[in-house]
file work_6.tsv (TSV, C-alpha atoms)
chain	number	residue	atom	x	y	z
T	24	MET	CA	0.00	0.00	0.00
T	25	GLY	CA	3.01	2.35	0.10
T	26	LYS	CA	2.47	3.43	3.71
T	27	VAL	CA	5.14	5.53	5.39
T	28	SER	CA	5.70	6.46	9.05
T	29	TYR	CA	5.75	9.96	10.49
T	30	PRO	CA	6.29	11.37	14.01
T	31	SER	CA	3.19	11.14	16.24
T	32	GLY	CA	2.60	14.89	16.18
T	33	TYR	CA	1.79	14.69	12.47
T	34	TYR	CA	-1.59	13.10	13.21
T	35	VAL	CA	-3.18	16.57	13.25
T	36	ARG	CA	-1.93	17.38	9.74
T	37	PHE	CA	-3.18	14.05	8.46
T	38	SER	CA	-6.64	14.27	10.05
T	39	PRO	CA	-9.75	14.89	7.95
T	40	PRO	CA	-10.70	18.60	7.84
T	41	SER	CA	-12.20	19.82	11.12
T	42	PRO	CA	-15.41	21.87	11.25
T	43	VAL	CA	-14.84	25.55	11.97
T	44	VAL	CA	-17.17	27.41	14.35
T	45	LEU	CA	-17.13	30.88	15.87
T	46	VAL	CA	-17.54	30.81	19.63
T	47	THR	CA	-18.72	33.91	21.43
T	48	CYS	CA	-18.10	34.61	25.10
T	49	ILE	CA	-18.24	37.64	27.37
T	50	SER	CA	-16.45	39.16	30.35
T	51	ARG	CA	-18.21	39.85	33.64
T	52	ASP	CA	-18.30	43.54	32.75
T	53	GLY	CA	-20.03	42.83	29.44
T	54	ARG	CA	-17.23	42.91	26.85
T	55	ALA	CA	-17.95	40.30	24.17
T	56	ASN	CA	-15.32	38.32	22.30
T	57	ILE	CA	-15.15	35.83	19.42
T	58	ILE	CA	-12.77	32.89	19.03
T	59	THR	CA	-12.46	30.69	15.97
T	60	ILE	CA	-12.58	27.05	17.05
T	61	GLY	CA	-11.34	24.09	15.01
T	62	MET	CA	-12.02	21.60	17.79
T	63	TYR	CA	-15.77	21.09	17.91
T	64	MET	CA	-17.97	18.04	18.12
T	65	PRO	CA	-21.44	17.05	19.27
T	66	ILE	CA	-20.94	14.60	22.15
T	67	SER	CA	-24.27	13.72	23.78
T	68	PHE	CA	-27.84	13.51	22.57
T	69	ASP	CA	-29.54	13.28	25.98
T	70	PRO	CA	-28.73	15.62	27.62
T	71	PRO	CA	-27.76	17.70	24.56
T	72	LEU	CA	-24.04	18.37	25.08
T	73	LEU	CA	-21.31	19.57	22.74
T	74	ALA	CA	-17.54	19.70	23.16
T	75	ILE	CA	-15.07	22.42	22.19
T	76	GLY	CA	-11.32	22.49	22.70
T	77	VAL	CA	-9.71	25.75	23.84
T	78	SER	CA	-6.10	26.45	24.80
T	79	PRO	CA	-5.70	27.88	28.34
T	80	LYS	CA	-3.48	30.54	26.75
T	81	ARG	CA	-6.44	32.07	24.94
T	82	TYR	CA	-8.31	35.09	26.29
T	83	SER	CA	-11.62	33.33	25.57
T	84	HIS	CA	-10.59	30.48	27.88
T	85	SER	CA	-10.62	32.85	30.85
T	86	LEU	CA	-13.92	34.41	29.74
T	87	ILE	CA	-15.65	31.03	29.45
T	88	GLU	CA	-14.33	30.04	32.89
T	89	GLU	CA	-15.42	33.41	34.30
T	90	THR	CA	-19.03	33.34	33.19
T	91	GLY	CA	-19.65	29.65	32.49
T	92	GLU	CA	-21.40	30.49	29.23
T	93	PHE	CA	-20.60	30.50	25.52
T	94	VAL	CA	-22.34	30.31	22.16
T	95	VAL	CA	-21.32	28.15	19.20
T	96	ASN	CA	-22.10	30.09	16.00
T	97	VAL	CA	-21.94	28.24	12.66
T	98	PRO	CA	-20.42	30.38	9.88
T	99	GLY	CA	-20.91	29.92	6.13
T	100	ARG	CA	-18.14	30.30	3.55
T	101	ASP	CA	-18.90	34.01	3.17
T	102	LEU	CA	-17.40	34.43	6.66
T	103	VAL	CA	-14.07	32.70	6.00
T	104	ASP	CA	-12.08	35.95	6.26
T	105	ALA	CA	-13.75	36.69	9.59
T	106	ALA	CA	-12.95	33.15	10.78
T	107	VAL	CA	-9.28	33.49	9.85
T	108	LEU	CA	-9.11	36.92	11.51
T	109	CYS	CA	-10.86	35.81	14.72
T	110	GLY	CA	-8.44	32.89	14.96
T	111	SER	CA	-5.31	34.98	14.59
T	112	VAL	CA	-5.73	38.07	16.79
T	113	SER	CA	-6.44	38.28	20.52
T	114	GLY	CA	-9.58	39.74	22.04
T	115	ARG	CA	-7.35	41.10	24.77
T	116	VAL	CA	-6.26	43.83	22.35
T	117	VAL	CA	-8.85	43.90	19.58
T	118	ASP	CA	-12.64	44.25	19.40
T	119	LYS	CA	-13.19	41.36	17.03
T	120	PHE	CA	-16.81	42.22	16.25
T	121	LYS	CA	-15.64	45.60	14.97
T	122	GLU	CA	-12.49	44.28	13.28
T	123	ALA	CA	-14.30	41.43	11.48
T	124	LYS	CA	-17.40	43.55	10.74
T	125	LEU	CA	-19.71	41.15	12.55
T	126	THR	CA	-22.94	42.06	14.34
T	127	ALA	CA	-23.61	41.10	17.96
T	128	ILE	CA	-27.26	40.38	18.76
T	129	PRO	CA	-28.68	39.24	22.10
T	130	ALA	CA	-28.93	35.52	22.82
T	131	SER	CA	-32.16	34.20	24.33
T	132	LYS	CA	-30.82	32.40	27.43
T	133	VAL	CA	-27.15	33.30	27.95
T	134	LYS	CA	-25.15	36.52	28.23
T	135	PRO	CA	-22.67	36.11	25.33
T	136	PRO	CA	-24.15	37.51	22.10
T	137	LEU	CA	-24.96	35.68	18.88
T	138	ILE	CA	-23.21	36.59	15.63
T	139	ALA	CA	-26.07	37.75	13.40
T	140	GLU	CA	-24.25	36.81	10.16
T	141	CYS	CA	-23.90	33.14	11.16
T	142	ILE	CA	-26.23	30.36	10.02
T	143	ALA	CA	-27.00	28.75	13.38
T	144	HIS	CA	-26.45	29.37	17.09
T	145	PHE	CA	-26.13	26.92	19.97
T	146	GLU	CA	-26.36	28.73	23.32
T	147	CYS	CA	-24.46	26.82	25.99
T	148	ARG	CA	-23.82	26.69	29.71
T	149	VAL	CA	-20.63	24.98	30.83
T	150	TYR	CA	-21.68	21.51	32.00
T	151	ASP	CA	-18.20	20.14	32.68
T	152	LYS	CA	-14.59	20.71	31.72
T	153	PHE	CA	-11.63	18.40	31.28
T	154	THR	CA	-7.94	18.91	30.69
T	155	ALA	CA	-6.49	16.98	27.74
T	156	GLY	CA	-2.82	17.82	27.29
T	157	ASP	CA	-2.38	21.42	26.14
T	158	HIS	CA	-6.11	22.10	25.67
T	159	THR	CA	-9.25	22.26	27.81
T	160	ILE	CA	-12.37	20.45	26.67
T	161	PHE	CA	-15.38	22.55	27.64
T	162	ILE	CA	-18.60	20.54	27.61
T	163	GLY	CA	-21.51	22.86	26.86
T	164	GLU	CA	-25.08	22.01	27.66
T	165	VAL	CA	-27.14	23.38	24.81
T	166	VAL	CA	-29.91	25.51	26.32
T	167	ALA	CA	-31.20	27.24	23.17
T	168	VAL	CA	-30.93	26.67	19.41
T	169	SER	CA	-31.74	29.08	16.62
T	170	ILE	CA	-31.10	28.91	12.88
T	171	GLU	CA	-31.76	30.79	9.69
T	172	GLU	CA	-35.17	29.63	8.54
T	173	LYS	CA	-34.03	28.90	4.98
T	174	ALA	CA	-31.07	26.80	6.16
T	175	VAL	CA	-33.26	23.91	7.29
T	176	LYS	CA	-34.33	21.10	4.96
T	177	GLU	CA	-36.18	18.05	6.26
T	178	ASN	CA	-35.24	19.09	9.83
T	179	VAL	CA	-31.48	18.96	9.07
T	180	LEU	CA	-29.00	21.68	8.12
T	181	ASP	CA	-29.15	22.12	4.34
T	182	VAL	CA	-25.41	21.74	3.93
T	183	THR	CA	-25.25	22.21	0.17
T	184	LYS	CA	-27.11	25.50	0.40
T	185	THR	CA	-25.56	26.96	3.53
T	186	GLN	CA	-21.95	25.84	2.97
T	187	PRO	CA	-20.50	25.52	6.46
T	188	ILE	CA	-16.71	25.41	6.53
T	189	SER	CA	-13.96	23.07	7.63
T	190	HIS	CA	-10.19	23.44	7.56
T	191	ARG	CA	-6.96	21.52	7.61
T	192	GLY	CA	-4.03	23.82	8.28
T	193	ARG	CA	-4.45	26.91	6.12
T	194	TYR	CA	-6.77	25.22	3.63
T	195	TYR	CA	-10.51	25.84	3.95
T	196	PHE	CA	-13.22	23.62	2.52
T	197	THR	CA	-16.97	23.41	1.97
T	198	PRO	CA	-18.70	20.02	1.90
T	199	SER	CA	-19.76	18.43	-1.41
T	200	LEU	CA	-22.52	15.83	-1.19
T	201	PHE	CA	-21.57	12.52	-2.79
T	202	TYR	CA	-23.62	9.88	-0.97
T	203	GLU	CA	-26.99	9.50	0.69
T	204	ALA	CA	-27.44	6.51	3.01
T	205	LYS	CA	-30.84	4.81	3.06
T	206	LYS	CA	-33.37	6.06	5.61
B	22	MET	CA	-32.22	37.59	9.54
B	23	GLY	CA	-35.23	35.20	9.66
B	24	LYS	CA	-33.90	33.13	12.56
B	25	VAL	CA	-36.18	30.55	14.12
B	26	SER	CA	-35.91	28.59	17.38
B	27	TYR	CA	-35.74	24.81	17.71
B	28	PRO	CA	-35.52	22.42	20.69
B	29	SER	CA	-31.98	22.10	22.11
B	30	GLY	CA	-31.55	18.55	20.83
B	31	TYR	CA	-31.62	19.86	17.25
B	32	TYR	CA	-28.10	21.28	17.63
B	33	VAL	CA	-26.67	17.99	16.29
B	34	ARG	CA	-28.72	18.19	13.09
B	35	PHE	CA	-27.68	21.80	12.58
B	36	SER	CA	-23.95	21.24	13.19
B	37	PRO	CA	-21.45	21.37	10.33
B	38	PRO	CA	-20.67	17.90	8.93
B	39	SER	CA	-18.49	15.81	11.28
B	40	PRO	CA	-15.42	13.94	10.05
B	41	VAL	CA	-15.94	10.18	9.78
B	42	VAL	CA	-13.19	7.81	10.91
B	43	LEU	CA	-13.01	4.04	11.32
B	44	VAL	CA	-11.74	3.04	14.75
B	45	THR	CA	-10.26	-0.42	15.23
B	46	CYS	CA	-10.04	-2.18	18.58
B	47	ILE	CA	-9.49	-5.72	19.77
B	48	SER	CA	-10.61	-8.12	22.50
B	49	ARG	CA	-8.14	-9.68	24.95
B	50	ASP	CA	-8.38	-12.94	23.03
B	51	GLY	CA	-7.45	-11.23	19.76
B	52	ARG	CA	-10.77	-10.66	17.98
B	53	ALA	CA	-10.60	-7.36	16.10
B	54	ASN	CA	-13.53	-5.01	15.54
B	55	ILE	CA	-14.27	-1.80	13.63
B	56	ILE	CA	-16.57	1.05	14.68
B	57	THR	CA	-17.51	4.03	12.54
B	58	ILE	CA	-17.02	7.19	14.58
B	59	GLY	CA	-18.60	10.57	13.84
B	60	MET	CA	-17.20	12.17	17.00
B	61	TYR	CA	-13.52	12.75	16.37
B	62	MET	CA	-11.22	15.69	16.96
B	63	PRO	CA	-7.53	16.42	17.51
B	64	ILE	CA	-7.28	17.92	21.01
B	65	SER	CA	-3.62	18.40	22.00
B	66	PHE	CA	-0.42	19.08	20.11
B	67	ASP	CA	2.02	18.38	22.96
B	68	PRO	CA	1.52	15.63	23.98
B	69	PRO	CA	-0.19	14.47	20.76
B	70	LEU	CA	-3.71	13.56	21.91
B	71	LEU	CA	-6.94	12.99	20.03
B	72	ALA	CA	-10.52	12.62	21.25
B	73	ILE	CA	-13.24	10.22	20.13
B	74	GLY	CA	-16.78	9.88	21.45
B	75	VAL	CA	-18.19	6.36	21.93
B	76	SER	CA	-21.50	5.29	23.46
B	77	PRO	CA	-21.13	2.89	26.41
B	78	LYS	CA	-23.74	0.73	24.68
B	79	ARG	CA	-21.33	-0.11	21.87
B	80	TYR	CA	-19.30	-3.32	21.80
B	81	SER	CA	-16.18	-1.32	20.90
B	82	HIS	CA	-16.56	0.70	24.11
B	83	SER	CA	-15.92	-2.44	26.16
B	84	LEU	CA	-13.02	-3.48	23.91
B	85	ILE	CA	-11.29	-0.10	24.25
B	86	GLU	CA	-11.75	-0.22	28.01
B	87	GLU	CA	-10.49	-3.80	28.10
B	88	THR	CA	-7.22	-3.30	26.24
B	89	GLY	CA	-6.65	0.47	26.53
B	90	GLU	CA	-5.74	0.68	22.86
B	91	PHE	CA	-7.38	1.71	19.58
B	92	VAL	CA	-6.46	2.94	16.12
B	93	VAL	CA	-8.06	5.83	14.22
B	94	ASN	CA	-8.11	4.93	10.52
B	95	VAL	CA	-8.98	7.67	8.00
B	96	PRO	CA	-11.18	6.39	5.15
B	97	GLY	CA	-11.55	7.93	1.69
B	98	ARG	CA	-14.84	8.22	-0.19
B	99	ASP	CA	-14.32	4.80	-1.79
B	100	LEU	CA	-14.98	3.32	1.68
B	101	VAL	CA	-18.31	5.06	2.33
B	102	ASP	CA	-20.30	1.81	2.08
B	103	ALA	CA	-17.94	0.19	4.59
B	104	ALA	CA	-18.31	3.21	6.90
B	105	VAL	CA	-22.11	3.01	6.79
B	106	LEU	CA	-22.00	-0.74	7.36
B	107	CYS	CA	-19.53	-0.57	10.27
B	108	GLY	CA	-21.74	2.07	11.90
B	109	SER	CA	-24.93	0.06	11.67
B	110	VAL	CA	-24.12	-3.51	12.71
B	111	SER	CA	-22.58	-4.77	15.95
B	112	GLY	CA	-19.21	-6.50	16.22
B	113	ARG	CA	-20.80	-8.69	18.88
B	114	VAL	CA	-22.52	-10.64	16.09
B	115	VAL	CA	-20.65	-9.79	12.88
B	116	ASP	CA	-17.00	-9.94	11.74
B	117	LYS	CA	-16.92	-6.46	10.25
B	118	PHE	CA	-13.61	-6.93	8.44
B	119	LYS	CA	-15.17	-9.82	6.53
B	120	GLU	CA	-18.57	-8.19	6.09
B	121	ALA	CA	-17.11	-4.88	4.83
B	122	LYS	CA	-14.36	-6.57	2.80
B	123	LEU	CA	-11.61	-4.73	4.66
B	124	THR	CA	-8.09	-6.01	5.30
B	125	ALA	CA	-6.57	-6.10	8.79
B	126	ILE	CA	-2.81	-5.53	8.89
B	127	PRO	CA	-0.62	-5.36	12.01
B	128	ALA	CA	-0.08	-2.01	13.70
B	129	SER	CA	3.46	-1.06	14.73
B	130	LYS	CA	2.93	-0.29	18.44
B	131	VAL	CA	-0.55	-1.44	19.51
B	132	LYS	CA	-2.54	-4.67	19.30
B	133	PRO	CA	-5.60	-3.52	17.31
B	134	PRO	CA	-4.95	-3.86	13.56
B	135	LEU	CA	-4.85	-1.13	10.90
B	136	ILE	CA	-7.34	-1.15	8.03
B	137	ALA	CA	-5.12	-1.49	4.96
B	138	GLU	CA	-7.60	0.26	2.64
B	139	CYS	CA	-7.59	3.48	4.72
B	140	ILE	CA	-5.48	6.55	3.94
B	141	ALA	CA	-3.89	7.15	7.34
B	142	HIS	CA	-3.59	5.44	10.73
B	143	PHE	CA	-3.16	6.94	14.19
B	144	GLU	CA	-2.23	4.25	16.72
B	145	CYS	CA	-3.39	5.24	20.22
B	146	ARG	CA	-3.14	4.24	23.85
B	147	VAL	CA	-5.93	5.45	26.12
B	148	TYR	CA	-4.52	8.46	27.97
B	149	ASP	CA	-7.68	9.44	29.80
B	150	LYS	CA	-11.45	9.05	29.57
B	151	PHE	CA	-14.33	11.29	30.54
B	152	THR	CA	-18.08	10.85	30.68
B	153	ALA	CA	-20.11	13.50	28.84
B	154	GLY	CA	-23.81	12.70	29.03
B	155	ASP	CA	-24.63	9.58	27.02
B	156	HIS	CA	-21.13	9.19	25.53
B	157	THR	CA	-17.60	8.53	26.74
B	158	ILE	CA	-14.76	10.70	25.48
B	159	PHE	CA	-11.69	8.52	25.06
B	160	ILE	CA	-8.50	10.54	24.89
B	161	GLY	CA	-5.92	8.65	22.86
B	162	GLU	CA	-2.22	9.37	23.02
B	163	VAL	CA	-0.93	8.96	19.49
B	164	VAL	CA	2.04	6.58	19.62
B	165	ALA	CA	2.50	5.90	15.90
B	166	VAL	CA	1.39	7.52	12.64
B	167	SER	CA	1.45	6.05	9.15
B	168	ILE	CA	-0.03	7.28	5.90
B	169	GLU	CA	-0.20	6.43	2.22
B	170	GLU	CA	2.89	7.99	0.70
B	171	LYS	CA	1.00	9.69	-2.13
B	172	ALA	CA	-1.54	11.24	0.27
B	173	VAL	CA	0.94	13.77	1.65
B	174	LYS	CA	1.54	17.17	0.05
B	175	GLU	CA	3.76	19.78	1.72
B	176	ASN	CA	3.63	17.70	4.96
B	177	VAL	CA	-0.18	17.92	5.15
B	178	LEU	CA	-2.93	15.50	4.05
B	179	ASP	CA	-3.68	16.20	0.38
B	180	VAL	CA	-7.39	16.56	0.97
B	181	THR	CA	-8.42	17.19	-2.62
B	182	LYS	CA	-6.69	14.04	-3.80
B	183	THR	CA	-7.52	11.68	-0.94
B	184	GLN	CA	-11.12	12.78	-0.31
B	185	PRO	CA	-11.70	12.02	3.36
B	186	ILE	CA	-15.37	11.98	4.34
B	187	SER	CA	-17.72	13.78	6.68
B	188	HIS	CA	-21.40	13.33	7.38
B	189	ARG	CA	-24.48	15.02	8.72
B	190	GLY	CA	-27.24	12.54	9.36
B	191	ARG	CA	-27.45	10.22	6.37
B	192	TYR	CA	-25.71	12.64	4.01
B	193	TYR	CA	-22.02	12.09	3.25
B	194	PHE	CA	-19.63	14.73	1.94
B	195	THR	CA	-16.11	15.21	0.63
B	196	PRO	CA	-14.32	18.55	1.14
B	197	SER	CA	-14.01	21.06	-1.70
B	198	LEU	CA	-11.18	23.57	-1.39
B	199	PHE	CA	-12.36	27.18	-1.68
B	200	TYR	CA	-9.85	29.24	0.30
B	201	GLU	CA	-6.17	29.24	1.17
B	202	ALA	CA	-5.08	31.43	4.07
B	203	LYS	CA	-1.71	33.16	3.82
B	204	LYS	CA	1.28	31.28	5.26
call {"tool": "encode", "arguments": {"input": "work_6.tsv", "output": "structure tokens"}}
result
Amino acid sequence: MGKVSYPSGYYVRFSPPSPVVLVTCISRDGRANIITIGMYMPISFDPPLLAIGVSPKRYSHSLIEETGEFVVNVPGRDLVDAAVLCGSVSGRVVDKFKEAKLTAIPASKVKPPLIAECIAHFECRVYDKFTAGDHTIFIGEVVAVSIEEKAVKENVLDVTKTQPISHRGRYYFTPSLFYEAKK
Amino acid sequence: MGKVSYPSGYYVRFSPPSPVVLVTCISRDGRANIITIGMYMPISFDPPLLAIGVSPKRYSHSLIEETGEFVVNVPGRDLVDAAVLCGSVSGRVVDKFKEAKLTAIPASKVKPPLIAECIAHFECRVYDKFTAGDHTIFIGEVVAVSIEEKAVKENVLDVTKTQPISHRGRYYFTPSLFYEAKK
């Protein structure tokens, strides 16, 4: 098969593209921030829990610990520049909403705002947190869900239409449908 | 923006497609199994750790607990039928290698086999495990990495060529490149 070995650390580079989401959080005194997250996965159906990975070095890590709340916002490909920007500057020094020309709108059940330009929003309260090497896994209990009306088809995200994004390194992708399993 | 609310549990259906990997594990008496996993993410660079989510109801959950080892195998789109199959039958009653026409080959550092037909292989020892609602997060320390020689471009997975897969519900996708961030 022509398989070759690489150092263990290369597993990240050789992983399938990871979904990219924009997580919003807020300081106790009401200053909102955005962090681009490439470590996101649904993890429990009942209760509805999701997992994100955040480095303790990041400003957003302290905000999420401070308030115990965050929102997962799902961007479409039109927001790729904003995603790259929000993943490369720190909210300690920059107002990312302003810098990335994104609009903060109130969430329904948590303090961090939603990003109006995103497709979908999962409002979360921190349910648990775990340390895994150089990152923290925050487990968010989803307490409210909202989505662009036109983005839903047969009760699922219409992926072809909305074009959510994934990345591997500096390459960004949208998903192309190639297979439909039987119901 | 035409946003509408849904019950919290809908967050899974509205998430971006999740990468699909085939995880191999083995019983103490040497019987190998495959489980299709839609909850996978890299989580730590140093040490190199990855996270997978597995329901305690699954046969593979007991195997991973039993031996403390598993392998993440990255399938291409040619293996989508095998991925659907290995996600819908139980290794308690079926030999999935045989059923899915996949070839088990020895790993270099762990007991569970690699799936020869897959693009890349991340051999793992269980580093930690956490309960998150109805799933267990197994944290695997990556102890060996191998990959098809032709699948690597500039030290990263050549996604366009290899076509790893993701899914949302019963819809399966390959990634289409649309953006390259500056180095």
call {"tool": "residues_around", "arguments": {"input": "work_6.tsv", "residues": "Ala172 in chain B", "least_positions_apart": "6", "cutoff": "12 Å", "atoms": "only C-alpha atoms", "output": "list in words"}}
result
Met24, Gly25, Lys26, Val27, Arg36, Phe37, Ser38 and Pro39 of chain T; Val95, Pro96, Gly97, Cys139, Ile140, Ala141, Leu178, Asp179, Val180, Thr181, Lys182, Thr183, Gln184 and Pro185 of chain B
call {"tool": "residues_around", "arguments": {"input": "work_6.tsv", "residues": "range 52-59 of chain T", "least_positions_apart": "2", "cutoff": "7 Å", "atoms": "all atoms listed in the file", "output": "list in words"}}
result
Val43, Val44, Leu45, Val46, Thr47, Cys48, Ile49, Ser50, Gly61, Ser83, Ala106, Cys109, Gly110, Gly114, Lys119 and Pro135 of chain T
call {"tool": "closest_atom_pairs", "arguments": {"input": "work_6.tsv", "of": "chain B", "to": "chain T", "cutoff": "6 Å", "atoms": "only C-alpha atoms", "output": "CSV"}}
result
residue,atom,partner,partner_atom,distance
B:Gly23,CA,T:Glu171,CA,5.6
B:Lys24,CA,T:Glu171,CA,4.3
B:Val25,CA,T:Ser169,CA,5.3
B:Ser26,CA,T:Ser169,CA,4.3
B:Tyr27,CA,T:Val168,CA,5.4
B:Ser29,CA,T:Ala167,CA,5.3
B:Gly30,CA,T:Pro71,CA,5.4
B:Arg34,CA,T:Val179,CA,4.9
B:Phe35,CA,T:Leu180,CA,4.7
B:Pro37,CA,T:Pro187,CA,5.8
B:Ser65,CA,T:Asp157,CA,5.3
B:Pro68,CA,T:Gly156,CA,5.9
B:Pro69,CA,T:Gly32,CA,5.4
B:Gly154,CA,T:Ser67,CA,5.4
B:Asp155,CA,T:Ser67,CA,5.3
B:His156,CA,T:Ser67,CA,5.8
B:Val163,CA,T:Ser31,CA,5.7
B:Val164,CA,T:Ser31,CA,5.8
B:Ala165,CA,T:Ser31,CA,5.3
B:Val166,CA,T:Ser31,CA,5.4
B:Ser167,CA,T:Ser28,CA,4.3
B:Ile168,CA,T:Lys26,CA,5.1
B:Glu169,CA,T:Lys26,CA,4.3
B:Glu170,CA,T:Lys26,CA,5.5
B:Val177,CA,T:Arg36,CA,4.9
B:Leu178,CA,T:Phe37,CA,4.6
B:Pro185,CA,T:Pro39,CA,5.8
B:Arg191,CA,T:Ala204,CA,5.0
B:Tyr192,CA,T:Glu203,CA,4.7
B:Tyr193,CA,T:Tyr202,CA,5.0
B:Phe194,CA,T:Leu200,CA,4.4
B:Thr195,CA,T:Ser199,CA,5.3
B:Pro196,CA,T:Pro198,CA,4.7
B:Ser197,CA,T:Phe196,CA,5.0
B:Leu198,CA,T:Phe196,CA,4.4
B:Phe199,CA,T:Phe196,CA,5.6
B:Tyr200,CA,T:Tyr195,CA,5.0
B:Glu201,CA,T:Tyr194,CA,4.8
B:Ala202,CA,T:Arg193,CA,5.0
call {"tool": "write_last_selection", "arguments": {"input": "work_6.tsv", "atoms": "C-alpha atoms", "output": "JSON list (two decimals), keeping the file's coordinate frame"}}
result
[["chain", "number", "residue", "atom", "x", "y", "z"],
["B", 23, "GLY", "CA", -35.23, 35.20, 9.66],
["B", 24, "LYS", "CA", -33.90, 33.13, 12.56],
["B", 25, "VAL", "CA", -36.18, 30.55, 14.12],
["B", 26, "SER", "CA", -35.91, 28.59, 17.38],
["B", 27, "TYR", "CA", -35.74, 24.81, 17.71],
["B", 29, "SER", "CA", -31.98, 22.10, 22.11],
["B", 30, "GLY", "CA", -31.55, 18.55, 20.83],
["B", 34, "ARG", "CA", -28.72, 18.19, 13.09],
["B", 35, "PHE", "CA", -27.68, 21.80, 12.58],
["B", 37, "PRO", "CA", -21.45, 21.37, 10.33],
["B", 65, "SER", "CA", -3.62, 18.40, 22.00],
["B", 68, "PRO", "CA", 1.52, 15.63, 23.98],
["B", 69, "PRO", "CA", -0.19, 14.47, 20.76],
["B", 154, "GLY", "CA", -23.81, 12.70, 29.03],
["B", 155, "ASP", "CA", -24.63, 9.58, 27.02],
["B", 156, "HIS", "CA", -21.13, 9.19, 25.53],
["B", 163, "VAL", "CA", -0.93, 8.96, 19.49],
["B", 164, "VAL", "CA", 2.04, 6.58, 19.62],
["B", 165, "ALA", "CA", 2.50, 5.90, 15.90],
["B", 166, "VAL", "CA", 1.39, 7.52, 12.64],
["B", 167, "SER", "CA", 1.45, 6.05, 9.15],
["B", 168, "ILE", "CA", -0.03, 7.28, 5.90],
["B", 169, "GLU", "CA", -0.20, 6.43, 2.22],
["B", 170, "GLU", "CA", 2.89, 7.99, 0.70],
["B", 177, "VAL", "CA", -0.18, 17.92, 5.15],
["B", 178, "LEU", "CA", -2.93, 15.50, 4.05],
["B", 185, "PRO", "CA", -11.70, 12.02, 3.36],
["B", 191, "ARG", "CA", -27.45, 10.22, 6.37],
["B", 192, "TYR", "CA", -25.71, 12.64, 4.01],
["B", 193, "TYR", "CA", -22.02, 12.09, 3.25],
["B", 194, "PHE", "CA", -19.63, 14.73, 1.94],
["B", 195, "THR", "CA", -16.11, 15.21, 0.63],
["B", 196, "PRO", "CA", -14.32, 18.55, 1.14],
["B", 197, "SER", "CA", -14.01, 21.06, -1.70],
["B", 198, "LEU", "CA", -11.18, 23.57, -1.39],
["B", 199, "PHE", "CA", -12.36, 27.18, -1.68],
["B", 200, "TYR", "CA", -9.85, 29.24, 0.30],
["B", 201, "GLU", "CA", -6.17, 29.24, 1.17],
["B", 202, "ALA", "CA", -5.08, 31.43, 4.07]]
call {"tool": "atom_distance", "arguments": {"input": "work_6.tsv", "atom1": "CA of Phe93 in chain T", "atom2": "CA of Arg51 in chain T"}}
result
12.6 Å
call {"tool": "atom_distance", "arguments": {"input": "work_6.tsv", "atom1": "CA of Lys122 in chain B", "atom2": "CA of Phe159 in chain B"}}
result
27.0 Å
call {"tool": "closest_residue", "arguments": {"input": "work_6.tsv", "among": "T:Ala105, T:Val94, T:Val112, T:Ile87", "to": "Lys132 in chain T", "atoms": "only C-alpha atoms"}}
result
T:Val94
call {"tool": "atom_distance", "arguments": {"input": "work_6.tsv", "atom1": "CA of Tyr82 in chain T", "atom2": "CA of Val117 in chain T"}}
result
11.1 Å
